[in-house]
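For reference, input_38.txt is printed below; it contains compact mmCIF, C-alpha atoms.
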```txt
# COMPACT_ATOMS: atom_id res chain seq x y z
CA MET E 1 204.15 116.27 108.49
CA SER E 2 201.64 117.32 111.13
CA ALA E 3 199.66 114.73 113.04
CA ASP E 4 196.38 116.07 111.59
CA THR E 5 197.57 115.23 108.07
CA ARG E 6 198.24 111.54 108.85
CA LYS E 7 194.71 110.65 107.78
CA SER E 8 195.65 108.43 104.87
CA SER E 9 193.44 105.58 106.09
CA VAL E 10 191.01 104.57 108.77
CA VAL E 11 192.53 102.16 111.29
CA PHE E 12 189.23 101.61 113.15
CA GLY E 13 185.77 102.70 112.12
CA ILE E 14 182.80 103.18 114.41
CA LYS E 15 181.92 99.46 114.46
CA GLU E 16 185.36 98.49 115.78
CA ILE E 17 185.34 101.38 118.26
CA SER E 18 181.93 100.24 119.54
CA ARG E 19 183.39 96.79 120.20
CA ILE E 20 186.23 98.30 122.24
CA LEU E 21 184.49 101.08 124.20
CA PRO E 22 181.38 100.54 126.34
CA HIS E 23 180.08 104.05 125.51
CA ARG E 24 177.02 104.57 123.31
CA TYR E 25 175.16 107.57 121.90
CA PRO E 26 175.23 110.32 122.99
CA PHE E 27 178.47 109.62 124.90
CA LEU E 28 180.51 107.78 122.28
CA LEU E 29 182.73 110.67 121.21
CA VAL E 30 185.23 109.05 118.83
CA ASP E 31 184.13 108.53 115.21
CA LYS E 32 187.25 106.84 113.88
CA ILE E 33 190.89 106.07 114.59
CA ILE E 34 193.20 107.30 111.84
CA TYR E 35 196.62 106.47 113.30
CA LEU E 36 197.87 103.82 115.70
CA ASN E 37 201.48 102.98 116.53
CA LEU E 38 201.69 100.47 119.36
CA GLU E 39 205.49 100.52 119.49
CA GLU E 40 205.51 104.25 120.18
CA ASN E 41 202.21 104.19 122.17
CA ILE E 42 200.56 106.79 119.92
CA ILE E 43 196.96 106.96 118.71
CA ILE E 44 194.98 109.61 116.84
CA GLY E 45 191.20 109.61 116.73
CA VAL E 46 188.69 111.93 115.09
CA LYS E 47 185.41 113.40 116.32
CA ASN E 48 183.49 115.26 113.63
CA VAL E 49 181.53 117.96 115.41
CA THR E 50 178.18 118.82 113.83
CA MET E 51 175.34 121.16 114.71
CA ASN E 52 173.21 118.03 115.25
CA GLU E 53 174.98 117.30 118.56
CA ARG E 54 172.41 117.40 121.37
CA PHE E 55 174.60 119.49 123.67
CA PHE E 56 174.47 122.44 121.25
CA GLN E 57 170.78 122.91 122.14
CA GLY E 58 171.85 124.38 125.46
CA HIS E 59 175.59 125.16 125.14
CA PHE E 60 175.09 127.88 123.94
CA PRO E 61 172.01 128.66 121.81
CA GLY E 62 173.02 131.18 119.17
CA ALA E 63 176.75 130.67 119.88
CA PRO E 64 177.33 126.89 119.94
CA ILE E 65 180.51 125.71 121.68
CA MET E 66 181.36 122.07 122.46
CA PRO E 67 181.59 121.71 126.26
CA GLY E 68 185.20 121.41 127.40
CA VAL E 69 184.42 118.36 129.54
CA LEU E 70 183.25 116.55 126.40
CA VAL E 71 186.48 117.42 124.61
CA LEU E 72 188.33 115.89 127.58
CA GLU E 73 186.05 112.85 127.47
CA ALA E 74 186.78 112.37 123.75
CA MET E 75 190.50 112.53 124.52
CA ALA E 76 190.04 109.99 127.34
CA GLN E 77 188.09 107.61 125.09
CA THR E 78 190.89 107.75 122.52
CA GLY E 79 193.38 106.93 125.29
CA GLY E 80 191.14 104.05 126.35
CA ILE E 81 191.34 102.59 122.86
CA LEU E 82 195.14 102.82 122.98
CA ILE E 83 195.23 101.02 126.33
CA HIS E 84 192.90 98.33 124.97
CA GLN E 85 195.10 97.81 121.92
CA LYS E 86 198.15 97.41 124.14
CA GLY E 87 196.69 94.04 125.17
CA HIS E 88 194.15 94.87 127.87
CA PHE E 89 191.22 93.17 126.12
CA GLU E 90 189.32 91.82 129.13
CA LYS E 91 189.06 95.16 130.94
CA THR E 92 188.02 98.71 130.15
CA ALA E 93 189.86 101.89 131.00
CA VAL E 94 187.92 104.00 133.52
CA LEU E 95 188.82 107.65 133.99
CA MET E 96 190.56 108.24 137.32
CA SER E 97 192.32 111.60 137.08
CA LEU E 98 192.94 114.69 134.98
CA ASN E 99 196.07 116.71 135.51
CA ASN E 100 197.18 119.97 133.92
CA ALA E 101 194.04 120.26 131.80
CA LYS E 102 194.02 123.39 129.68
CA PHE E 103 191.64 124.71 127.05
CA ARG E 104 193.14 126.83 124.29
CA ARG E 105 190.26 127.64 121.93
CA PRO E 106 186.59 126.74 121.47
CA VAL E 107 185.35 123.83 119.38
CA VAL E 108 182.36 124.69 117.18
CA PRO E 109 180.08 122.90 114.71
CA GLY E 110 181.96 121.99 111.55
CA ASP E 111 185.24 121.34 113.35
CA SER E 112 187.03 118.04 112.89
CA LEU E 113 188.52 117.37 116.30
CA HIS E 114 191.74 115.33 116.18
CA LEU E 115 192.34 113.46 119.42
CA HIS E 116 195.96 112.57 120.15
CA ALA E 117 197.02 110.30 123.00
CA SER E 118 200.42 108.91 123.83
CA GLY E 119 201.14 106.40 126.55
CA VAL E 120 203.13 107.82 129.42
CA LEU E 121 202.60 104.80 131.69
CA LEU E 122 200.74 101.59 130.95
CA SER E 123 200.43 98.66 133.39
CA SER E 124 198.05 95.82 134.16
CA LYS E 125 196.20 97.97 136.72
CA GLY E 126 195.93 101.23 134.82
CA GLY E 127 197.91 103.94 133.24
CA LYS E 128 198.34 107.52 132.18
CA VAL E 129 198.28 109.07 128.75
CA GLN E 130 199.30 112.51 127.61
CA ALA E 131 196.45 113.77 125.45
CA LYS E 132 195.71 116.75 123.28
CA ALA E 133 192.99 117.81 120.89
CA THR E 134 193.60 119.86 117.77
CA VAL E 135 191.51 121.46 115.04
CA ASN E 136 193.33 122.34 111.82
CA ASP E 137 196.65 121.70 113.58
CA GLN E 138 195.77 124.29 116.27
CA LEU E 139 195.82 123.14 119.88
CA VAL E 140 192.34 123.13 121.42
CA ALA E 141 192.89 121.28 124.70
CA GLU E 142 195.47 119.19 126.53
CA ALA E 143 195.66 117.09 129.69
CA GLU E 144 197.35 114.17 131.39
CA ILE E 145 194.66 111.53 131.87
CA GLY E 146 194.87 108.71 134.42
CA PHE E 147 192.97 105.41 134.05
CA ALA E 148 192.20 102.36 136.10
CA LEU E 149 191.60 99.07 134.30
CA VAL E 150 188.37 97.48 135.48
CA ALA E 151 186.59 94.29 134.45
CA MET E 152 183.28 95.08 132.80
CA ASP E 153 181.33 92.98 135.32
CA GLN E 154 182.72 95.20 138.11
CA LEU E 155 181.23 98.39 136.70
```

Written as structure tokens, how would this file's structure read?
Amino acid sequence: MSADTRKSSVVFGIKEISRILPHRYPFLLVDKIIYLNLEENIIIGVKNVTMNERFFQGHFPGAPIMPGVLVLEAMAQTGGILIHQKGHFEKTAVLMSLNNAKFRRPVVPGDSLHLHASGVLLSSKGGKVQAKATVNDQLVAEAEIGFALVAMDQL
């Protein structure tokens, strides 16, 4: 079974995600978490991409494409939720590095972006996740994402 078809239930909805991540509109880029396995360090989130997204007004009018950096940010936010769920409740994951980032195909309005992250390294100071984004089981983007764990009052 493909990872995109594991959507039997919602693990976290937007209310729970908003309690975990400090991001808010228009930068909260994860709509729901549909799979979470803490033993295997795997999480899958979903971002439903609609024409109502503000960035489509300028990227690109007449040929809307979701900016690649926002796809990476959505992947990073999903990884941040995984790190939080691994027991780092008093801190937030802050993006520190991107390695081997690659874009495979554009993301357009109507796409349901599945955000996969798996823990490569998780510690009390930070971590790395291997992340990918898919649409209809086709790879859209991938990257290794590094995080630092920072107390919210230090941001």

Option closest in space to E:His114, from E:Tyr35, E:Phe27, E:Phe55, E:Phe60 [counting all atoms listed in the file]: E:Tyr35

Stretch 25-56 of chain E near stretch 80-90 of chain E within 10 Å: what's each residue's closest atom pair and its distance in Å to one decimal, counting only C-alpha atoms, ordered by chain then ascending residue number, as CSV?
```
residue,atom,partner,partner_atom,distance
E:Val30,CA,E:Ile81,CA,9.8
E:Ile33,CA,E:Ile81,CA,9.0
E:Leu36,CA,E:Leu82,CA,7.8
E:Asn37,CA,E:Leu82,CA,9.0
E:Leu38,CA,E:Lys86,CA,6.7
E:Glu39,CA,E:Lys86,CA,9.2
E:Asn41,CA,E:Leu82,CA,7.2
E:Ile42,CA,E:Leu82,CA,7.4
E:Ile43,CA,E:Leu82,CA,6.2
E:Ile44,CA,E:Leu82,CA,9.2
E:Gly45,CA,E:Ile81,CA,9.3
```

Mind writing the picked residues with C-alpha atoms as a compact mmCIF listing (two decimals), in the frame of the given file?
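New file part-v5.txt:
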```
# COMPACT_ATOMS: atom_id res chain seq x y z
CA VAL E 30 185.23 109.05 118.83
CA ILE E 33 190.89 106.07 114.59
CA LEU E 36 197.87 103.82 115.70
CA ASN E 37 201.48 102.98 116.53
CA LEU E 38 201.69 100.47 119.36
CA GLU E 39 205.49 100.52 119.49
CA ASN E 41 202.21 104.19 122.17
CA ILE E 42 200.56 106.79 119.92
CA ILE E 43 196.96 106.96 118.71
CA ILE E 44 194.98 109.61 116.84
CA GLY E 45 191.20 109.61 116.73
```

Please, what distance in Å, to one decimal, runs between atom CA of E:Ser123 and atom CA of E:Gly146? 11.5 Å

Selection as a PDB file with C-alpha atoms, in the coordinates of the input: residues within 8 Å of (199.3, 105.8, 131.8), counting all atoms listed in the file:
```
ATOM      1  CA  GLY E 119     201.140 106.400 126.550  1.00  0.00           C
ATOM      2  CA  VAL E 120     203.130 107.820 129.420  1.00  0.00           C
ATOM      3  CA  LEU E 121     202.600 104.800 131.690  1.00  0.00           C
ATOM      4  CA  LEU E 122     200.740 101.590 130.950  1.00  0.00           C
ATOM      5  CA  SER E 123     200.430  98.660 133.390  1.00  0.00           C
ATOM      6  CA  GLY E 126     195.930 101.230 134.820  1.00  0.00           C
ATOM      7  CA  GLY E 127     197.910 103.940 133.240  1.00  0.00           C
ATOM      8  CA  LYS E 128     198.340 107.520 132.180  1.00  0.00           C
ATOM      9  CA  VAL E 129     198.280 109.070 128.750  1.00  0.00           C
ATOM     10  CA  GLN E 130     199.300 112.510 127.610  1.00  0.00           C
ATOM     11  CA  ILE E 145     194.660 111.530 131.870  1.00  0.00           C
ATOM     12  CA  GLY E 146     194.870 108.710 134.420  1.00  0.00           C
ATOM     13  CA  PHE E 147     192.970 105.410 134.050  1.00  0.00           C
TER      14      PHE E 147
END
```

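Protein and nucleic acid residues near (184.7, 127.5, 118.5) are E:Ala63, E:Pro64, E:Ile65, E:Met66, E:Arg105, E:Pro106, E:Val107, E:Val108, E:Pro109, E:Gly110, E:Asp111, E:Val135, E:Val140, the criterion being any atom at most 10 Å away using all atoms listed in the file.
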
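Among the candidate residues E:Ile17, E:Glu144, E:Leu29, E:Val94, the one lying nearest to E:Ala74 is E:Leu29, with distances computed using all atoms listed in the file.
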
Residue nearest E:Arg54 - candidates E:Glu142, E:Ile34, E:Ile14, E:Pro26, atoms counted: all atoms listed in the file: E:Pro26

Please list as an MDAnalysis selection string every residue within 9 Å of stretch 151-153 of chain E, counting only C-alpha atoms and excluding residues in the same chain fewer than 4 positions away. chainID E and resid 22 90:93

Pick from E:Glu40, E:Arg24, E:Phe103, E:Gly58 nearest to E:Ala133, counting all atoms listed in the file: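 That would be E:Phe103, the residue with the smallest distance to E:Ala133.
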
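Straight-line separation from atom CA of E:Asn100 to atom CA of E:Glu53: 27.1 Å.
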
For the atom pair atom CA of E:Val150 and atom CA of E:Lys32, what is the interatomic distance in Å to one decimal place?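 Atom-to-atom, atom CA of E:Val150 and atom CA of E:Lys32 are spaced 23.6 Å apart.
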
Padding of 8 Å on every side, edges along x, y and z, all listed atoms of stretch 84-94 of chain E included: what centre and edge lengths in Å, to one decimal, does that box have, as lines of an AutoDock Vina configuration file?
```
center_x = 193.0
center_y = 97.9
center_z = 127.7
size_x = 26.2
size_y = 28.2
size_z = 27.6
```

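Minimum atom-to-atom distances from E:Leu70, E:Met96, E:Ser112, E:Arg19 to E:Phe56 were compared using only C-alpha atoms, and the lowest value belongs to E:Leu70.
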
Which residue gives the smallest distance to E:Asn48 among E:Leu113, E:Leu72, E:Leu149, E:Pro67, with all atoms listed in the file counted?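 Nearest candidate to E:Asn48 out of E:Leu113, E:Leu72, E:Leu149, E:Pro67: E:Leu113.
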
Could you give me, as number ranges by chain, the residues within 7 Å of E:Ala143, counting all atoms listed in the file and dropping anything in the same chain fewer than 4 positions from it? E: 98-102, 130-132

As a PDB file, in the coordinates of the input, please: stretch 105-116 of chain E completed to N, CA and C atoms.
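Saved to selection26.pdb:
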```pdb
ATOM      1  N   ARG E 105     191.202 126.962 122.817  1.00  0.00           N
ATOM      2  CA  ARG E 105     190.260 127.640 121.930  1.00  0.00           C
ATOM      3  C   ARG E 105     188.977 126.836 121.864  1.00  0.00           C
ATOM      4  N   PRO E 106     187.859 127.478 121.510  1.00  0.00           N
ATOM      5  CA  PRO E 106     186.590 126.740 121.470  1.00  0.00           C
ATOM      6  C   PRO E 106     186.494 125.799 120.272  1.00  0.00           C
ATOM      7  N   VAL E 107     185.669 124.766 120.439  1.00  0.00           N
ATOM      8  CA  VAL E 107     185.350 123.830 119.380  1.00  0.00           C
ATOM      9  C   VAL E 107     183.904 124.103 118.978  1.00  0.00           C
ATOM     10  N   VAL E 108     183.681 124.281 117.687  1.00  0.00           N
ATOM     11  CA  VAL E 108     182.360 124.690 117.180  1.00  0.00           C
ATOM     12  C   VAL E 108     181.886 123.727 116.105  1.00  0.00           C
ATOM     13  N   PRO E 109     180.586 123.768 115.783  1.00  0.00           N
ATOM     14  CA  PRO E 109     180.080 122.900 114.710  1.00  0.00           C
ATOM     15  C   PRO E 109     180.882 123.094 113.428  1.00  0.00           C
ATOM     16  N   GLY E 110     181.160 121.973 112.765  1.00  0.00           N
ATOM     17  CA  GLY E 110     181.960 121.990 111.550  1.00  0.00           C
ATOM     18  C   GLY E 110     183.412 121.632 111.781  1.00  0.00           C
ATOM     19  N   ASP E 111     183.855 121.683 113.035  1.00  0.00           N
ATOM     20  CA  ASP E 111     185.240 121.340 113.350  1.00  0.00           C
ATOM     21  C   ASP E 111     185.439 119.824 113.279  1.00  0.00           C
ATOM     22  N   SER E 112     186.600 119.423 112.833  1.00  0.00           N
ATOM     23  CA  SER E 112     187.030 118.040 112.890  1.00  0.00           C
ATOM     24  C   SER E 112     188.080 117.974 113.992  1.00  0.00           C
ATOM     25  N   LEU E 113     187.684 117.406 115.103  1.00  0.00           N
ATOM     26  CA  LEU E 113     188.520 117.370 116.300  1.00  0.00           C
ATOM     27  C   LEU E 113     189.441 116.152 116.223  1.00  0.00           C
ATOM     28  N   HIS E 114     190.749 116.404 116.203  1.00  0.00           N
ATOM     29  CA  HIS E 114     191.740 115.330 116.180  1.00  0.00           C
ATOM     30  C   HIS E 114     192.221 115.087 117.609  1.00  0.00           C
ATOM     31  N   LEU E 115     192.098 113.848 118.042  1.00  0.00           N
ATOM     32  CA  LEU E 115     192.340 113.460 119.420  1.00  0.00           C
ATOM     33  C   LEU E 115     193.616 112.634 119.494  1.00  0.00           C
ATOM     34  N   HIS E 116     194.643 113.193 120.086  1.00  0.00           N
ATOM     35  CA  HIS E 116     195.960 112.570 120.150  1.00  0.00           C
ATOM     36  C   HIS E 116     196.190 112.052 121.574  1.00  0.00           C
TER      37      HIS E 116
END
```
